[in-house]
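Asks: File follows, model-v5.tsv with TSV, C-alpha atoms and all ligand atoms:
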```tsv
chain	number	residue	atom	x	y	z
U	8	MET	CA	-0.25	20.05	-21.35
U	9	GLU	CA	-1.00	17.24	-23.72
U	10	ILE	CA	-4.69	16.97	-24.65
U	11	VAL	CA	-6.37	13.76	-23.51
U	12	ASN	CA	-9.19	12.43	-25.65
U	13	PRO	CA	-11.44	10.23	-23.49
U	14	HIS	CA	-12.83	8.45	-26.53
U	15	GLN	CA	-9.52	7.13	-27.77
U	16	ILE	CA	-7.89	3.83	-26.92
U	17	SER	CA	-5.09	4.21	-24.38
U	18	ILE	CA	-1.63	4.14	-25.87
U	19	LYS	CA	1.01	1.95	-24.21
U	20	ASN	CA	3.11	4.96	-23.30
U	21	ASN	CA	4.53	3.70	-19.96
U	22	CYS	CA	2.12	6.01	-18.13
U	23	PHE	CA	-0.51	4.57	-15.77
U	24	PHE	CA	-3.90	4.46	-17.53
U	25	GLY	CA	-2.17	5.89	-20.60
U	26	LEU	CA	-2.56	9.37	-19.09
U	27	PRO	CA	0.32	11.42	-20.50
U	28	THR	CA	0.50	14.34	-18.03
U	29	ALA	CA	4.06	15.62	-17.65
U	30	ILE	CA	5.36	15.50	-14.07
U	31	GLU	CA	5.75	19.28	-13.85
U	32	ASP	CA	2.03	19.68	-14.65
U	33	ALA	CA	0.84	16.81	-12.46
U	34	GLN	CA	-1.43	17.23	-9.43
U	35	VAL	CA	-0.87	13.61	-8.46
U	36	VAL	CA	2.16	11.46	-9.26
U	37	PHE	CA	2.23	7.68	-9.48
U	38	LEU	CA	5.46	6.61	-7.81
U	39	SER	CA	6.36	2.92	-8.16
U	40	VAL	CA	8.55	1.03	-5.71
U	41	PRO	CA	9.46	-2.32	-7.32
U	42	TRP	CA	10.74	-3.91	-4.10
U	43	ASP	CA	10.09	-7.19	-2.30
U	44	ALA	CA	13.40	-7.90	-0.57
U	45	THR	CA	12.04	-9.32	2.70
U	46	VAL	CA	9.03	-11.22	1.41
U	47	SER	CA	8.81	-14.49	3.27
U	48	TYR	CA	6.21	-16.54	1.44
U	49	GLY	CA	5.25	-15.91	-2.19
U	50	GLU	CA	7.46	-13.56	-4.17
U	51	GLY	CA	6.53	-11.37	-7.12
U	52	THR	CA	5.25	-8.13	-5.66
U	53	ALA	CA	8.37	-6.30	-6.92
U	54	ASP	CA	6.69	-6.64	-10.32
U	55	GLY	CA	3.39	-5.33	-8.98
U	56	PRO	CA	3.86	-1.83	-10.46
U	57	LYS	CA	4.59	-3.30	-13.89
U	58	ALA	CA	1.56	-5.61	-13.69
U	59	ILE	CA	-0.69	-2.71	-12.67
U	60	LEU	CA	0.76	-0.44	-15.36
U	61	GLU	CA	0.22	-3.01	-18.13
U	62	ALA	CA	-3.34	-3.76	-17.04
U	63	SER	CA	-4.12	-0.06	-16.58
U	64	TYR	CA	-4.13	0.77	-20.29
U	65	GLN	CA	-7.28	-1.27	-20.70
U	66	LEU	CA	-9.40	0.69	-18.19
U	67	ASP	CA	-12.00	3.22	-19.23
U	68	TRP	CA	-11.59	6.61	-17.61
U	69	TYR	CA	-15.14	7.47	-16.61
U	70	ASP	CA	-15.49	7.57	-12.82
U	71	PHE	CA	-18.81	7.74	-11.00
U	72	ASP	CA	-17.34	9.80	-8.14
U	73	LEU	CA	-15.13	12.28	-10.00
U	74	SER	CA	-16.21	13.85	-13.27
U	75	GLN	CA	-13.54	14.15	-15.96
U	76	ALA	CA	-11.07	12.31	-13.76
U	77	TRP	CA	-8.76	11.90	-16.77
U	78	LEU	CA	-8.20	15.65	-16.93
U	79	LYS	CA	-7.10	16.11	-13.33
U	80	GLY	CA	-3.41	15.75	-14.06
U	81	TYR	CA	-2.07	12.34	-13.04
U	82	GLY	CA	1.59	11.86	-13.95
U	83	THR	CA	3.73	8.72	-13.95
U	84	ILE	CA	7.29	8.47	-12.61
U	85	PRO	CA	8.99	5.71	-14.65
U	86	ILE	CA	9.54	2.43	-12.77
U	87	ASN	CA	13.11	2.57	-11.48
U	88	ALA	CA	15.18	-0.35	-12.85
U	89	ASP	CA	18.02	0.13	-10.33
U	90	ILE	CA	15.61	-0.25	-7.40
U	91	ARG	CA	14.16	-3.39	-9.02
U	92	GLU	CA	17.69	-4.83	-9.38
U	93	LYS	CA	18.67	-3.94	-5.80
U	94	SER	CA	15.51	-5.66	-4.57
U	95	LYS	CA	16.51	-8.81	-6.45
U	96	GLN	CA	20.04	-8.82	-5.00
U	97	THR	CA	18.82	-8.10	-1.46
U	98	ARG	CA	16.15	-10.74	-1.72
U	99	ALA	CA	18.77	-13.40	-2.55
U	100	ILE	CA	20.58	-12.59	0.71
U	101	ALA	CA	17.32	-12.38	2.68
U	102	THR	CA	16.40	-15.84	1.39
U	103	GLN	CA	19.61	-17.23	2.94
U	104	VAL	CA	18.61	-15.73	6.28
U	105	ILE	CA	15.06	-17.10	6.08
U	106	GLU	CA	16.29	-20.58	5.13
U	107	TYR	CA	18.80	-20.48	7.98
U	108	LEU	CA	16.03	-19.67	10.46
U	109	GLU	CA	13.68	-22.26	8.99
U	110	SER	CA	16.34	-24.91	9.61
U	111	GLY	CA	15.94	-24.24	13.33
U	112	ASN	CA	18.93	-21.91	13.74
U	113	SER	CA	18.98	-18.73	15.80
U	114	LEU	CA	19.04	-15.15	14.63
U	115	ASP	CA	21.77	-14.48	17.17
U	116	ASP	CA	24.23	-16.80	15.41
U	117	ARG	CA	27.28	-14.99	14.12
U	118	ALA	CA	27.13	-17.03	10.91
U	119	ILE	CA	24.11	-15.09	9.73
U	120	ALA	CA	24.95	-11.67	11.21
U	121	SER	CA	26.56	-10.15	8.14
U	122	SER	CA	23.74	-11.29	5.79
U	123	LEU	CA	21.21	-9.81	8.16
U	124	LYS	CA	23.13	-6.56	8.33
U	125	THR	CA	23.31	-6.34	4.53
U	126	VAL	CA	19.54	-6.80	4.19
U	127	ASN	CA	18.83	-4.16	6.85
U	128	GLN	CA	21.21	-1.71	5.21
U	129	SER	CA	19.54	-2.23	1.83
U	130	SER	CA	16.12	-1.65	3.37
U	131	SER	CA	17.39	1.57	4.98
U	132	PHE	CA	18.68	2.65	1.58
U	133	LEU	CA	15.26	1.97	0.05
U	134	ASN	CA	13.47	3.86	2.80
U	135	HIS	CA	15.73	6.82	2.25
U	136	TRP	CA	15.18	6.71	-1.53
U	137	VAL	CA	11.39	6.70	-1.08
U	138	TYR	CA	11.65	9.48	1.51
U	139	GLU	CA	13.71	11.72	-0.80
U	140	GLN	CA	11.43	11.12	-3.78
U	141	CYS	CA	8.36	11.90	-1.69
U	142	GLN	CA	9.90	14.99	-0.09
U	143	LYS	CA	10.61	16.33	-3.57
U	144	PHE	CA	7.04	15.92	-4.83
U	145	LEU	CA	5.37	17.00	-1.57
U	146	GLY	CA	7.58	20.10	-1.64
U	147	GLN	CA	6.14	20.87	-5.09
U	148	GLY	CA	2.61	20.64	-3.66
U	149	LYS	CA	1.79	17.37	-5.44
U	150	LYS	CA	-0.05	14.38	-4.03
U	151	ILE	CA	1.55	10.96	-4.30
U	152	ALA	CA	0.08	7.55	-5.07
U	153	LEU	CA	2.74	5.07	-3.97
U	154	ILE	CA	2.68	1.68	-5.68
U	155	GLY	CA	4.40	-1.41	-4.22
U	156	GLY	CA	6.13	-3.63	-3.96
U	157	ASP	CA	5.80	-5.40	-0.66
U	158	HIS	CA	4.31	-3.62	2.32
U	159	SER	CA	7.65	-2.38	3.66
U	160	ILE	CA	7.78	0.34	0.99
U	161	PRO	CA	5.63	3.20	2.40
U	162	PHE	CA	7.90	3.89	5.42
U	163	GLY	CA	9.83	6.72	3.75
U	164	TYR	CA	6.62	8.21	2.35
U	165	ILE	CA	4.85	8.25	5.72
U	166	LYS	CA	7.99	9.70	7.33
U	167	ALA	CA	7.97	12.51	4.73
U	168	LEU	CA	4.27	13.18	5.43
U	169	THR	CA	4.96	13.53	9.17
U	170	GLU	CA	7.16	16.51	8.24
U	171	HIS	CA	4.31	18.16	6.30
U	172	TYR	CA	1.34	17.48	8.60
U	173	PRO	CA	1.23	18.15	12.36
U	174	GLN	CA	-1.13	15.21	12.82
U	175	PHE	CA	-2.82	12.49	10.77
U	176	SER	CA	-4.38	9.05	11.08
U	177	ILE	CA	-3.63	5.92	9.11
U	178	LEU	CA	-6.42	3.79	7.71
U	179	HIS	CA	-4.80	0.39	7.19
U	180	ILE	CA	-6.60	-2.23	5.10
U	181	ASP	CA	-4.87	-5.61	5.28
U	182	ALA	CA	-5.25	-9.29	6.17
U	183	HIS	CA	-2.28	-8.86	8.52
U	184	ALA	CA	-1.62	-6.41	11.36
U	185	ASP	CA	2.04	-5.87	10.27
U	186	LEU	CA	2.93	-5.01	13.88
U	187	ARG	CA	5.85	-7.39	14.45
U	188	ASN	CA	9.08	-5.97	15.74
U	189	ALA	CA	11.79	-6.85	13.17
U	190	TYR	CA	10.11	-9.95	11.73
U	191	GLU	CA	12.71	-12.66	10.91
U	192	GLY	CA	15.37	-10.19	12.07
U	193	PHE	CA	14.61	-7.75	9.26
U	194	THR	CA	14.08	-4.32	10.81
U	195	TYR	CA	12.15	-3.15	7.77
U	196	SER	CA	10.21	-6.33	7.02
U	197	HIS	CA	6.93	-6.11	5.15
U	198	ALA	CA	5.41	-7.67	8.29
U	199	SER	CA	6.76	-4.83	10.47
U	200	ILE	CA	5.61	-1.75	8.56
U	201	MET	CA	2.98	-0.59	11.06
U	202	TYR	CA	5.25	-1.34	14.03
U	203	ASN	CA	7.88	0.93	12.43
U	204	VAL	CA	5.47	3.62	11.32
U	205	MET	CA	4.02	3.93	14.82
U	206	GLN	CA	7.48	4.97	16.08
U	207	LEU	CA	7.22	8.11	13.91
U	208	PRO	CA	5.84	11.36	15.35
U	209	ASN	CA	2.50	13.02	14.45
U	210	ILE	CA	0.51	9.82	13.84
U	211	ASN	CA	-2.42	9.95	16.23
U	212	LYS	CA	-4.35	6.84	15.16
U	213	LEU	CA	-3.85	3.57	13.33
U	214	ILE	CA	-7.19	2.12	12.30
U	215	GLN	CA	-6.82	-1.45	11.03
U	216	VAL	CA	-9.54	-3.04	8.91
U	217	GLY	CA	-9.94	-6.57	7.54
U	218	ILE	CA	-7.19	-8.08	9.72
U	219	ARG	CA	-7.60	-11.84	10.10
U	220	ASP	CA	-4.11	-13.32	10.56
U	221	LEU	CA	-2.04	-12.08	13.48
U	222	CYS	CA	0.13	-13.33	16.33
U	223	GLN	CA	-0.02	-12.79	20.09
U	224	GLU	CA	2.83	-10.25	19.98
U	225	GLU	CA	0.75	-8.14	17.59
U	226	MET	CA	-2.45	-8.47	19.63
U	227	ASP	CA	-0.51	-7.39	22.75
U	228	LYS	CA	0.74	-4.35	20.85
U	229	ILE	CA	-2.81	-3.43	19.79
U	230	VAL	CA	-4.04	-3.67	23.38
U	231	GLU	CA	-1.09	-1.72	24.76
U	232	ASP	CA	-0.96	1.14	22.20
U	233	LYS	CA	-4.18	3.09	22.66
U	234	ARG	CA	-3.72	4.78	19.29
U	235	ILE	CA	-4.41	1.49	17.51
U	236	VAL	CA	-8.02	0.44	16.85
U	237	LEU	CA	-8.64	-2.98	15.36
U	238	PHE	CA	-11.63	-3.80	13.15
U	239	ASP	CA	-10.72	-7.40	12.48
U	240	ASP	CA	-12.45	-9.33	9.73
U	241	TRP	CA	-13.92	-11.90	12.14
U	242	HIS	CA	-15.78	-9.35	14.24
U	243	LEU	CA	-16.84	-7.25	11.26
U	244	LYS	CA	-18.32	-10.32	9.53
U	245	ASN	CA	-20.01	-11.66	12.65
U	246	GLN	CA	-21.64	-8.30	13.38
U	247	PHE	CA	-22.73	-8.13	9.75
U	248	TYR	CA	-24.33	-11.61	9.94
U	249	GLU	CA	-26.22	-10.40	13.00
U	250	GLY	CA	-27.68	-7.40	11.23
U	251	VAL	CA	-25.19	-4.54	11.58
U	252	THR	CA	-24.89	-2.92	8.16
U	253	TRP	CA	-21.62	-2.17	6.38
U	254	LYS	CA	-22.72	1.47	6.34
U	255	GLN	CA	-22.84	1.50	10.14
U	256	GLN	CA	-19.52	-0.29	10.35
U	257	CYS	CA	-17.87	2.17	7.95
U	258	GLN	CA	-19.20	5.15	9.90
U	259	ASP	CA	-17.82	3.61	13.08
U	260	ILE	CA	-14.41	3.03	11.44
U	261	VAL	CA	-14.27	6.55	9.97
U	262	SER	CA	-15.28	8.18	13.27
U	263	HIS	CA	-11.91	7.16	14.72
U	264	LEU	CA	-9.91	8.97	12.02
U	265	SER	CA	-8.62	12.52	12.40
U	266	GLU	CA	-9.40	15.17	9.76
U	267	THR	CA	-6.35	14.18	7.71
U	268	VAL	CA	-6.02	10.55	6.68
U	269	TYR	CA	-3.36	8.41	5.05
U	270	ILE	CA	-4.50	5.12	3.52
U	271	SER	CA	-2.23	2.08	3.47
U	272	PHE	CA	-3.91	-0.53	1.29
U	273	ASP	CA	-2.51	-4.05	1.22
U	274	ILE	CA	-4.32	-5.86	-1.59
U	275	ASP	CA	-4.60	-8.99	0.61
U	276	GLY	CA	-7.10	-7.07	2.76
U	277	LEU	CA	-9.47	-8.04	-0.07
U	278	ASN	CA	-10.76	-11.55	-0.57
U	279	GLN	CA	-8.28	-13.68	-2.50
U	280	VAL	CA	-10.65	-13.75	-5.47
U	281	PHE	CA	-9.32	-10.23	-6.12
U	282	CYS	CA	-5.63	-11.01	-5.58
U	283	PRO	CA	-5.01	-14.70	-6.36
U	284	ASN	CA	-1.23	-14.22	-6.73
U	285	THR	CA	-0.51	-12.02	-3.72
U	286	GLY	CA	2.31	-13.24	-1.45
U	287	THR	CA	0.46	-14.09	1.76
U	288	PRO	CA	-3.22	-14.67	1.00
U	289	VAL	CA	-5.70	-15.40	3.81
U	290	ALA	CA	-9.28	-16.72	3.50
U	291	GLY	CA	-12.03	-14.19	4.16
U	292	GLY	CA	-11.48	-10.48	3.60
U	293	LEU	CA	-13.27	-7.55	2.08
U	294	ASP	CA	-15.19	-7.51	-1.14
U	295	PHE	CA	-13.88	-5.00	-3.73
U	296	ASN	CA	-16.97	-2.77	-3.50
U	297	GLN	CA	-16.99	-2.99	0.28
U	298	ALA	CA	-13.47	-1.54	0.37
U	299	ILE	CA	-14.39	1.25	-2.07
U	300	TYR	CA	-17.47	2.07	0.00
U	301	LEU	CA	-15.27	2.45	3.08
U	302	ILE	CA	-13.01	4.95	1.26
U	303	GLN	CA	-16.08	6.76	-0.10
U	304	THR	CA	-17.33	7.04	3.49
U	305	VAL	CA	-14.04	8.72	4.44
U	306	VAL	CA	-14.51	11.25	1.63
U	307	LYS	CA	-18.20	11.83	2.44
U	308	SER	CA	-17.28	12.59	6.06
U	309	GLY	CA	-15.32	15.61	4.80
U	310	LYS	CA	-11.94	14.20	5.86
U	311	LYS	CA	-8.95	14.77	3.59
U	312	ILE	CA	-6.95	11.91	2.14
U	313	ILE	CA	-3.37	13.22	2.14
U	314	GLY	CA	-1.79	10.22	0.46
U	315	PHE	CA	-1.92	6.48	0.04
U	316	ASP	CA	-0.01	3.36	-0.87
U	317	LEU	CA	-1.21	0.27	-2.66
U	318	CYS	CA	0.95	-2.77	-1.92
U	319	GLU	CA	1.38	-6.52	-2.41
U	320	VAL	CA	-0.17	-6.79	-5.88
U	321	ALA	CA	1.69	-9.59	-7.68
U	322	PRO	CA	1.39	-10.65	-11.33
U	323	SER	CA	0.32	-14.20	-12.19
U	324	LYS	CA	3.19	-16.69	-12.26
U	325	SER	CA	2.45	-17.71	-15.84
U	326	GLY	CA	2.28	-14.07	-16.90
U	327	LYS	CA	-0.76	-15.03	-18.96
U	328	ASP	CA	-3.59	-13.44	-17.08
U	329	GLU	CA	-3.83	-9.87	-15.92
U	330	TRP	CA	-6.43	-10.31	-13.18
U	331	ASP	CA	-4.25	-9.22	-10.23
U	332	GLY	CA	-2.94	-6.25	-12.22
U	333	ASN	CA	-6.43	-5.41	-13.44
U	334	ILE	CA	-7.83	-5.24	-9.88
U	335	GLY	CA	-4.74	-3.31	-8.78
U	336	ALA	CA	-5.26	-0.81	-11.60
U	337	ARG	CA	-8.94	-0.31	-10.80
U	338	LEU	CA	-8.17	0.17	-7.15
U	339	LEU	CA	-5.33	2.57	-7.96
U	340	TYR	CA	-7.57	4.70	-10.17
U	341	LYS	CA	-10.38	4.73	-7.63
U	342	LEU	CA	-8.09	5.59	-4.69
U	343	THR	CA	-6.47	8.36	-6.73
U	344	ASN	CA	-9.83	9.81	-7.74
U	345	LEU	CA	-11.17	9.66	-4.19
U	346	MET	CA	-8.00	11.27	-2.83
U	347	TYR	CA	-8.37	14.04	-5.43
U	348	LEU	CA	-12.06	14.48	-4.60
U	349	SER	CA	-11.38	14.65	-0.85
U	350	GLN	CA	-8.92	17.49	-1.42
U	351	LYS	CA	-11.56	19.53	-3.29
U	352	ASN	CA	-14.38	19.07	-0.79
U	401	MN	MN	0.55	-5.81	4.86
```
Represent the supplied structure as structure tokens.

Replies:
Amino acid sequence: MEIVNPHQISIKNNCFFGLPTAIEDAQVVFLSVPWDATVSYGEGTADGPKAILEASYQLDWYDFDLSQAWLKGYGTIPINADIREKSKQTRAIATQVIEYLESGNSLDDRAIASSLKTVNQSSSFLNHWVYEQCQKFLGQGKKIALIGGDHSIPFGYIKALTEHYPQFSILHIDAHADLRNAYEGFTYSHASIMYNVMQLPNINKLIQVGIRDLCQEEMDKIVEDKRIVLFDDWHLKNQFYEGVTWKQQCQDIVSHLSETVYISFDIDGLNQVFCPNTGTPVAGGLDFNQAIYLIQTVVKSGKKIIGFDLCEVAPSKSGKDEWDGNIGARLLYKLTNLMYLSQKN
């Protein structure tokens, strides 16, 4: 294994945080999914992994939760250029569908049927690619940090996990509930990820935190599916203003999770100050430290984090500032370290 010197400046070696661990030696792998085919509003999240990677070299490795985090064995799978290209091609077709709908036309029209089918087939291909990648690394006993991309990308990963764990809960941090059935006709839309995931076996709870933009269809789904517990941003903030502490709120949230937990982290769950270029920003949201404290509370409770995704980070349009990537990188490092720590407890 290559020796890592924590005092040196990170080398731009195409590895997250400059950590050069070979994949065969890695305990955790960073798997990027440069995909944003069905994004409806602001594009750019397909380049999220690249933005996070480039900003990640600049981080220092010391972590207050995990000593010598840089020696734990974090390996990087290179960002797949073919997936990035397929996302671009699919997105062009998806854009035709979205524009067709926005002109007041119906999804049932035959004129749009073949475009819709092409997009859905591409998304199925992507899901299968993610699934196969994840099965490979899980089979080798590694943990996976999945990096999006839009929020459609963890489907194959979560499906793979359902084949390794008899039961787990999902802690979902997001501005949106992502519970729409085939949003805009796209079966695997970024806005449908939790709807789709909840069709999979072995998932006993979906705990949603920070949600503040949802539709009636989604609220009906939350009420109807007893496995889903909503901690929406409005109620969390109002309780907080009336004296309930974030510590109490976190303990309440964590109490709903089973002993094994998957975290799905949409960066727009945070306040937009921390993700100014994300595709579908919403006012309000969690503070950076608030989100970290919630994950720390999961670890402190003794529950195991079995995997996570970090989605919807988008680089700045000008390409001049690294703020979105910088926050993404810090969050990625922290989530990885807390996942590692939870496994050792
Ligand atoms: Mn989302």

Asks: Quick one: residues within 12 Å of Asp67 in chain U, all atoms listed in the file counted, chain neighbours fewer than 5 positions away excluded, as a PyMOL selection string?

Replies: chain U and resi 12-17+24-26+62+75-77+333+336-337+340-341

Asks: Can I get the selection written as an mmCIF file, keeping the file's coordinate frame, with C-alpha atoms?

Replies:
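result.cif written:
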```
data_model
loop_
_atom_site.group_PDB
_atom_site.id
_atom_site.type_symbol
_atom_site.label_atom_id
_atom_site.label_comp_id
_atom_site.auth_asym_id
_atom_site.auth_seq_id
_atom_site.Cartn_x
_atom_site.Cartn_y
_atom_site.Cartn_z
ATOM 1 C CA ASN U 12 -9.190 12.430 -25.650
ATOM 2 C CA PRO U 13 -11.440 10.230 -23.490
ATOM 3 C CA HIS U 14 -12.830 8.450 -26.530
ATOM 4 C CA GLN U 15 -9.520 7.130 -27.770
ATOM 5 C CA ILE U 16 -7.890 3.830 -26.920
ATOM 6 C CA SER U 17 -5.090 4.210 -24.380
ATOM 7 C CA PHE U 24 -3.900 4.460 -17.530
ATOM 8 C CA GLY U 25 -2.170 5.890 -20.600
ATOM 9 C CA LEU U 26 -2.560 9.370 -19.090
ATOM 10 C CA ALA U 62 -3.340 -3.760 -17.040
ATOM 11 C CA GLN U 75 -13.540 14.150 -15.960
ATOM 12 C CA ALA U 76 -11.070 12.310 -13.760
ATOM 13 C CA TRP U 77 -8.760 11.900 -16.770
ATOM 14 C CA ASN U 333 -6.430 -5.410 -13.440
ATOM 15 C CA ALA U 336 -5.260 -0.810 -11.600
ATOM 16 C CA ARG U 337 -8.940 -0.310 -10.800
ATOM 17 C CA TYR U 340 -7.570 4.700 -10.170
ATOM 18 C CA LYS U 341 -10.380 4.730 -7.630
#
```

Asks: Let me have all residues with an atom within 7 Å of ligand MN 401 (chain U), counting only C-alpha atoms and all ligand atoms, laid out as number ranges by chain.

Replies: U: 158, 181-185, 197-198, 273

Asks: Measuring atom to atom with all atoms listed in the file, identify which of U:Asn284, U:Ile151, U:Ile302, U:Glu106 is nearest to Asp328 in chain U.

Replies: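 The closest residue to Asp328 in chain U is U:Asn284.
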
Asks: Please write out, as JSON, where the centre of an axis-aligned box around all listed atoms of range 275-288 of chain U lies and how long its edges are, in Å to one decimal, after adding 6 Å on each side.

Replies:
```
{"center_x": -4.2, "center_y": -10.9, "center_z": -2.0, "size_x": 25.1, "size_y": 19.6, "size_z": 21.5}
```

Asks: For each of U:Leu221, U:Leu145, U:Ile84, U:Leu114, take the minimum atom-to-atom distance to Ile30 in chain U, counting only C-alpha atoms, then give the residue where this is smallest.

Replies: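 Checking each of U:Leu221, U:Leu145, U:Ile84, U:Leu114 against Ile30 in chain U, counting only C-alpha atoms, the winner is U:Ile84.
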
Asks: With distances taken over all atoms listed in the file, which residue among U:Lys79, U:Arg187, U:His263, U:Lys254 lies nearest Lys228 in chain U?

Replies: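 Using all atoms listed in the file, the shortest distance to Lys228 in chain U belongs to U:Arg187.
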
Asks: Just how far from CA of Cys257 in chain U is CA of Ile274 in chain U, in Å to one decimal?

Replies: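 One can read the CA of Ile274 in chain U to CA of Cys257 in chain U distance as 18.4 Å.
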
Asks: Env of Val261 in chain U: 8 Å cut, atoms = only C-alpha atoms, seq-sep filter 4 positions within chain, self excluded. Answer as a ChimeraX atom specification.

Replies: /U:257,304-305,308

Asks: Give me, as a ChimeraX atom specification, all polymer residues having an atom no more than 12 Å from Val280 in chain U, counting all atoms listed in the file and skipping those fewer than 5 positions away in the same chain.

Replies: /U:274-275,285,288-295,330-331,334

Asks: Of the residues U:Asp70, U:Asp239, U:Glu139, U:Glu92, which is the one nearest to Ala53 in chain U, using all atoms listed in the file?

Replies: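 Going through U:Asp70, U:Asp239, U:Glu139, U:Glu92 one by one, the smallest distance to Ala53 in chain U is for U:Glu92.
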
Asks: One decimal, in Å: what's the spacing between CA of Lys149 in chain U and CA of Leu301 in chain U?

Replies: 24.2 Å

Asks: Counting only C-alpha atoms, select every polymer residue within 6 Å of (-3.5, 5.2, 6.0) as defined in the file's coordinates, and provide the selection as a PyMOL selection string.

Replies: chain U and resi 177-179+268-271

Asks: So how many Å separate CA of Asn20 in chain U and CA of Ile86 in chain U, to one decimal?

Replies: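 Separation between CA of Asn20 in chain U and CA of Ile86 in chain U: 12.6 Å.
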
Asks: Env of Ile235 in chain U: 10 Å cut, atoms = all atoms listed in the file, seq-sep filter 6 positions within chain, self excluded. Answer as a tab-separated table (two decimals) with C-alpha atoms, keeping the file's coordinate frame.

Replies:
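Everything below was put into part-v1.tsv:
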```tsv
chain	number	residue	atom	x	y	z
U	176	SER	CA	-4.38	9.05	11.08
U	177	ILE	CA	-3.63	5.92	9.11
U	205	MET	CA	4.02	3.93	14.82
U	211	ASN	CA	-2.42	9.95	16.23
U	212	LYS	CA	-4.35	6.84	15.16
U	213	LEU	CA	-3.85	3.57	13.33
U	214	ILE	CA	-7.19	2.12	12.30
U	215	GLN	CA	-6.82	-1.45	11.03
U	228	LYS	CA	0.74	-4.35	20.85
U	229	ILE	CA	-2.81	-3.43	19.79
U	263	HIS	CA	-11.91	7.16	14.72
```

Asks: U:Val40, U:Glu109, U:Phe23, U:Thr267: which is nearest Leu66 in chain U, counting all atoms listed in the file?

Replies: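 Distance minimum relative to Leu66 in chain U lands on U:Phe23.
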
Asks: Counting only C-alpha atoms, which residues sit no farther than 7 Å from the position (11.0, 7.4, 6.4) in the file's frame? I'd like them as a ChimeraX atom specification.

Replies: /U:134-135,138,162-167

Asks: From the options U:Gly217, U:Gly111, U:Gly332, U:Gly309, which residue's atoms come nearest to Gln350 in chain U, counting all atoms listed in the file?

Replies: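 Comparing U:Gly217, U:Gly111, U:Gly332, U:Gly309 against Gln350 in chain U, the winner is U:Gly309.
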